[in-house]
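All remarks here apply to the structure that follows.
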Amino acid sequence: MDTEFPGVIYRPTTGNPIADKTLIRHQSPLDRYFYLKENVDVLKLIQVGLTLSDADGNLPDFGTDTCYIWEFNFRDFDITKDYYDVDSIILLKKQGIDFEKNREMGIDSEEFAYLLLLSGLVGNYSFVTWITFHSGYDFAYLIKVLTGRLLPDHLGDFMELVNVFFGSRVYDIKYMMKFCNCLYGGLERVAKTLEVDREAGKCHQAGSDSLLTLKTFMKMYSKFFSHENIHQRYSGILYGFEVREKDGEI
């Protein structure tokens with residue numbers, strides 16, 4: 001699963017760009033969640049990408065010679081009046097996202113949420129396995145759409161909603177990379193390191209990135225994790241929001 005959204009407009013700052021990067025990198029999970037909520041509460045979802053597969057990574061073909069993934073473009077975001085980060089919008093335009101077309105022909109997020117709940121993919125502590133990359137914001141936007149509400153004030157309550165809607169089998173590649181000595185960087189770099197090709201679309205298109213996320217996870221799993229119980233050690237932990245009960249954070 002992957003999403004695209006209008007960037008980040010609220011972040012901690014010291015006035016010094018170099019110091020800001022260090023400050024952001026060393027934020028606690030609680031501080032990261034504070035800024036995540038500040039952003040997601042006022043910004044709007046642009047795209048969701050879903051790649052469905054079986055446990056071996058085989059994609060649905062519906063009896064044809066073609067495999068299918070899904071990309072949903074939403075009409076909620078209005079570039080003429082909604083908040084956004086300028087650099088993020090420039091990048092998304094460059095990658096082919098047509099904001100005017102989305103306003104005219106895109107999906108209503110409330111209708112999408114209703115149908116997604118009916119599909120059985122989410123809700124009731126889903127038994128679906130979710131594969132993601134650096135996905136705190138991805139889940140936050142989906143939870144905002146699914147609930148029709150602002151995000152909860154506390155990180156623990158947010159993580160409980162992740163569990164309620166997406167179940168316990170949630171894997172974040174970025175978190176799992178901590179246990180792989182040779183992997184670092186963003187999705188594109190990790191895929192290249194693992195010799196995984198992008199089979200369709202461009203980066204920063206949610207459908208294409210969801211497919212690359214799945215393929216990258218399958219390769220990473222076979223190379224690093226096939227001999228251990230990943231559910232027990234790595235599931236339900238989002239990169240940057242790792243929390244422990246004894247710290248009082250949940």
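Numbering starts fresh at 1 for the residues of each chain in the structure tokens, the chains themselves are lettered A, B, ... in the order given, and ligands are numbered from 1 as they appear.
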(message) Neighbouring residues of Leu212 (chain A) were defined as those with any atom within 7 Å, considering only C-alpha atoms; residues of the same chain fewer than 4 positions away were excluded. Please report them as a PyMOL selection string.
(response) chain A and resi 198+208+216
Could those residues be written to a file, using N, CA and C atoms, as a tab-separated table (two decimals), in the first residue's frame?
```tsv
chain	number	residue	atom	x	y	z
A	198	ARG	N	11.34	-1.63	-11.24
A	198	ARG	CA	10.00	-1.05	-11.27
A	198	ARG	C	9.33	-1.53	-12.56
A	208	SER	N	2.14	2.48	-8.74
A	208	SER	CA	3.47	1.96	-9.07
A	208	SER	C	4.30	1.72	-7.82
A	216	THR	N	9.73	-5.48	-3.47
A	216	THR	CA	10.90	-5.26	-2.63
A	216	THR	C	10.81	-6.05	-1.34
```
(message) For the structure I just gave you, how does DSSP split region 106-195 of chain A - specifically, which residues are strand (DSSP E or B)? Reply as a ChimeraX atom specification.
(response) /A:107,130-132,170-172
(request) For Glu199 (chain A), work out the shell of residues within 12 Å, counting only C-alpha atoms and skipping chain neighbours fewer than 4 positions away, then give it as a PyMOL selection string. (result) chain A and resi 67-69+191+203+207-216
Just-selected residues, C-alpha atoms written as a PDB file, in the first residue's frame:
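part09.pdb, written as the output of this step:
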```pdb
ATOM      1  CA  CYS A  67      -1.727  -8.571 -13.973  1.00  0.00           C
ATOM      2  CA  TYR A  68      -3.603  -5.826 -12.154  1.00  0.00           C
ATOM      3  CA  ILE A  69      -2.876  -3.259  -9.460  1.00  0.00           C
ATOM      4  CA  ALA A 191      14.800  -1.787  -4.545  1.00  0.00           C
ATOM      5  CA  CYS A 203       8.068   6.780  -8.652  1.00  0.00           C
ATOM      6  CA  GLY A 207      -0.038   2.433  -7.733  1.00  0.00           C
ATOM      7  CA  SER A 208       3.468   1.961  -9.072  1.00  0.00           C
ATOM      8  CA  ASP A 209       5.041   2.492  -5.645  1.00  0.00           C
ATOM      9  CA  SER A 210       2.669  -0.040  -4.056  1.00  0.00           C
ATOM     10  CA  LEU A 211       3.799  -2.666  -6.569  1.00  0.00           C
ATOM     11  CA  LEU A 212       7.478  -1.856  -6.018  1.00  0.00           C
ATOM     12  CA  THR A 213       6.892  -2.033  -2.258  1.00  0.00           C
ATOM     13  CA  LEU A 214       5.463  -5.543  -2.540  1.00  0.00           C
ATOM     14  CA  LYS A 215       8.224  -6.785  -4.865  1.00  0.00           C
ATOM     15  CA  THR A 216      10.904  -5.256  -2.627  1.00  0.00           C
TER      16      THR A 216
END
```
(message) Which residues are near Gly148 (chain A)? Cut-off 12 Å, only C-alpha atoms, ignore same chain within fewer than 4 positions. Put them as a list in words.
(response) Asp41, Lys44, Ser109, Glu110, Glu111, Phe112, Ala113, Tyr114, Ala140, Tyr141, Leu142, Ile143, Lys144 and Pro152 of chain A
Go ahead and save the residues from that selection, with N, CA and C atoms, as a PDB file, in the first residue's frame.
```pdb
ATOM      1  N   ASP A  41      -4.185  16.417   9.704  1.00  0.00           N
ATOM      2  CA  ASP A  41      -5.470  17.018  10.050  1.00  0.00           C
ATOM      3  C   ASP A  41      -5.882  18.123   9.079  1.00  0.00           C
ATOM      4  N   LYS A  44      -4.955  17.074   2.576  1.00  0.00           N
ATOM      5  CA  LYS A  44      -5.906  16.132   1.973  1.00  0.00           C
ATOM      6  C   LYS A  44      -5.194  15.086   1.127  1.00  0.00           C
ATOM      7  N   SER A 109     -13.584  10.742  -1.354  1.00  0.00           N
ATOM      8  CA  SER A 109     -12.924   9.919  -0.341  1.00  0.00           C
ATOM      9  C   SER A 109     -13.924   9.238   0.597  1.00  0.00           C
ATOM     10  N   GLU A 110     -15.062   9.860   0.855  1.00  0.00           N
ATOM     11  CA  GLU A 110     -16.067   9.230   1.716  1.00  0.00           C
ATOM     12  C   GLU A 110     -16.646   7.982   1.061  1.00  0.00           C
ATOM     13  N   GLU A 111     -16.900   8.058  -0.245  1.00  0.00           N
ATOM     14  CA  GLU A 111     -17.414   6.885  -0.957  1.00  0.00           C
ATOM     15  C   GLU A 111     -16.355   5.788  -1.009  1.00  0.00           C
ATOM     16  N   PHE A 112     -15.113   6.181  -1.220  1.00  0.00           N
ATOM     17  CA  PHE A 112     -14.015   5.217  -1.226  1.00  0.00           C
ATOM     18  C   PHE A 112     -13.923   4.503   0.118  1.00  0.00           C
ATOM     19  N   ALA A 113     -14.005   5.265   1.211  1.00  0.00           N
ATOM     20  CA  ALA A 113     -13.920   4.679   2.549  1.00  0.00           C
ATOM     21  C   ALA A 113     -15.044   3.671   2.771  1.00  0.00           C
ATOM     22  N   TYR A 114     -16.243   4.021   2.343  1.00  0.00           N
ATOM     23  CA  TYR A 114     -17.396   3.132   2.508  1.00  0.00           C
ATOM     24  C   TYR A 114     -17.176   1.814   1.764  1.00  0.00           C
ATOM     25  N   ALA A 140      -2.008   7.153   8.466  1.00  0.00           N
ATOM     26  CA  ALA A 140      -2.706   8.301   9.045  1.00  0.00           C
ATOM     27  C   ALA A 140      -3.763   8.850   8.085  1.00  0.00           C
ATOM     28  N   TYR A 141      -3.403   8.999   6.821  1.00  0.00           N
ATOM     29  CA  TYR A 141      -4.373   9.509   5.849  1.00  0.00           C
ATOM     30  C   TYR A 141      -5.520   8.530   5.640  1.00  0.00           C
ATOM     31  N   LEU A 142      -5.222   7.249   5.593  1.00  0.00           N
ATOM     32  CA  LEU A 142      -6.294   6.270   5.423  1.00  0.00           C
ATOM     33  C   LEU A 142      -7.217   6.246   6.637  1.00  0.00           C
ATOM     34  N   ILE A 143      -6.668   6.345   7.822  1.00  0.00           N
ATOM     35  CA  ILE A 143      -7.499   6.375   9.031  1.00  0.00           C
ATOM     36  C   ILE A 143      -8.366   7.632   9.055  1.00  0.00           C
ATOM     37  N   LYS A 144      -7.807   8.764   8.646  1.00  0.00           N
ATOM     38  CA  LYS A 144      -8.598   9.994   8.566  1.00  0.00           C
ATOM     39  C   LYS A 144      -9.775   9.816   7.614  1.00  0.00           C
ATOM     40  N   PRO A 152      -6.552  11.005  16.352  1.00  0.00           N
ATOM     41  CA  PRO A 152      -6.571  11.108  17.818  1.00  0.00           C
ATOM     42  C   PRO A 152      -5.386  11.910  18.332  1.00  0.00           C
TER      43      PRO A 152
END
```
(request) To one decimal in Å, tell me the separation between CA of Phe5 (chain A) and CA of Ser168 (chain A). (result)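 CA of Phe5 (chain A) sits 24.9 Å away from CA of Ser168 (chain A).
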(message) Quick check, in Å to one decimal: how far apart do CA of Lys192 (chain A) and CA of Leu238 (chain A) lie?
(response)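 Interatomic distance, CA of Lys192 (chain A) to CA of Leu238 (chain A): 22.3 Å.
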(request) Would you mind listing what lies within 9 Å of Leu91 (chain A) as a PyMOL selection string, with only C-alpha atoms counted and same-chain residues fewer than 5 positions away left out? (result) chain A and resi 86+96+204
(request) Tell me which of A:Leu45, A:Ala19, A:Leu52, A:Ile9 sits closest to Asp87 (chain A), counting only C-alpha atoms. (result) A:Ile9
(request) Could you please write out, as a VMD selection string, every residue of region 4-214 of chain A that DSSP assigns to helix (DSSP H, G or I)? (result) chain A and resid 17 to 25 29 to 42 86 to 94 99 to 105 109 to 119 136 to 147 155 to 166 173 to 179 187 to 193 206 to 214
(message) For region 126-135 of chain A, find every residue with an atom within 7 Å (counting only C-alpha atoms), except residues of its own chain fewer than 5 positions away, and show them as a ChimeraX atom specification.
(response) /A:1-2,121,165-167,169-174,187,213-214,238-239
(request) Name all residues at most 10 Å from Glu38 (chain A) (count only C-alpha atoms; drop same-chain ones fewer than 2 positions away) and give them as a ChimeraX atom specification. (result) /A:8-11,32-36,40-43,150-151,153
(request) Go ahead and compute the interatomic distance for CA of Val162 (chain A) and CA of Gly123 (chain A), in Å to one decimal. (result) 9.5 Å
(request) Select, from A:Gly156, A:Asp197, A:Tyr234, A:Met218, the residue with the minimum atom-to-atom distance to Lys178 (chain A), counting only C-alpha atoms. (result)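 Counting only C-alpha atoms, the residue closest to Lys178 (chain A) is A:Tyr234.
Taking only C-alpha atoms into account, Ser88 (chain A) lies nearest to A:Gly7 out of the set A:Leu183, A:Gly7, A:His231, A:Arg189.
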(message) For a quick check of understanding, using only C-alpha atoms, which of A:Phe62, A:Phe99, A:Tyr175, A:Phe241 has the smallest distance to Asp31 (chain A)?
(response)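 Smallest distance to Asp31 (chain A) is found for A:Phe241.
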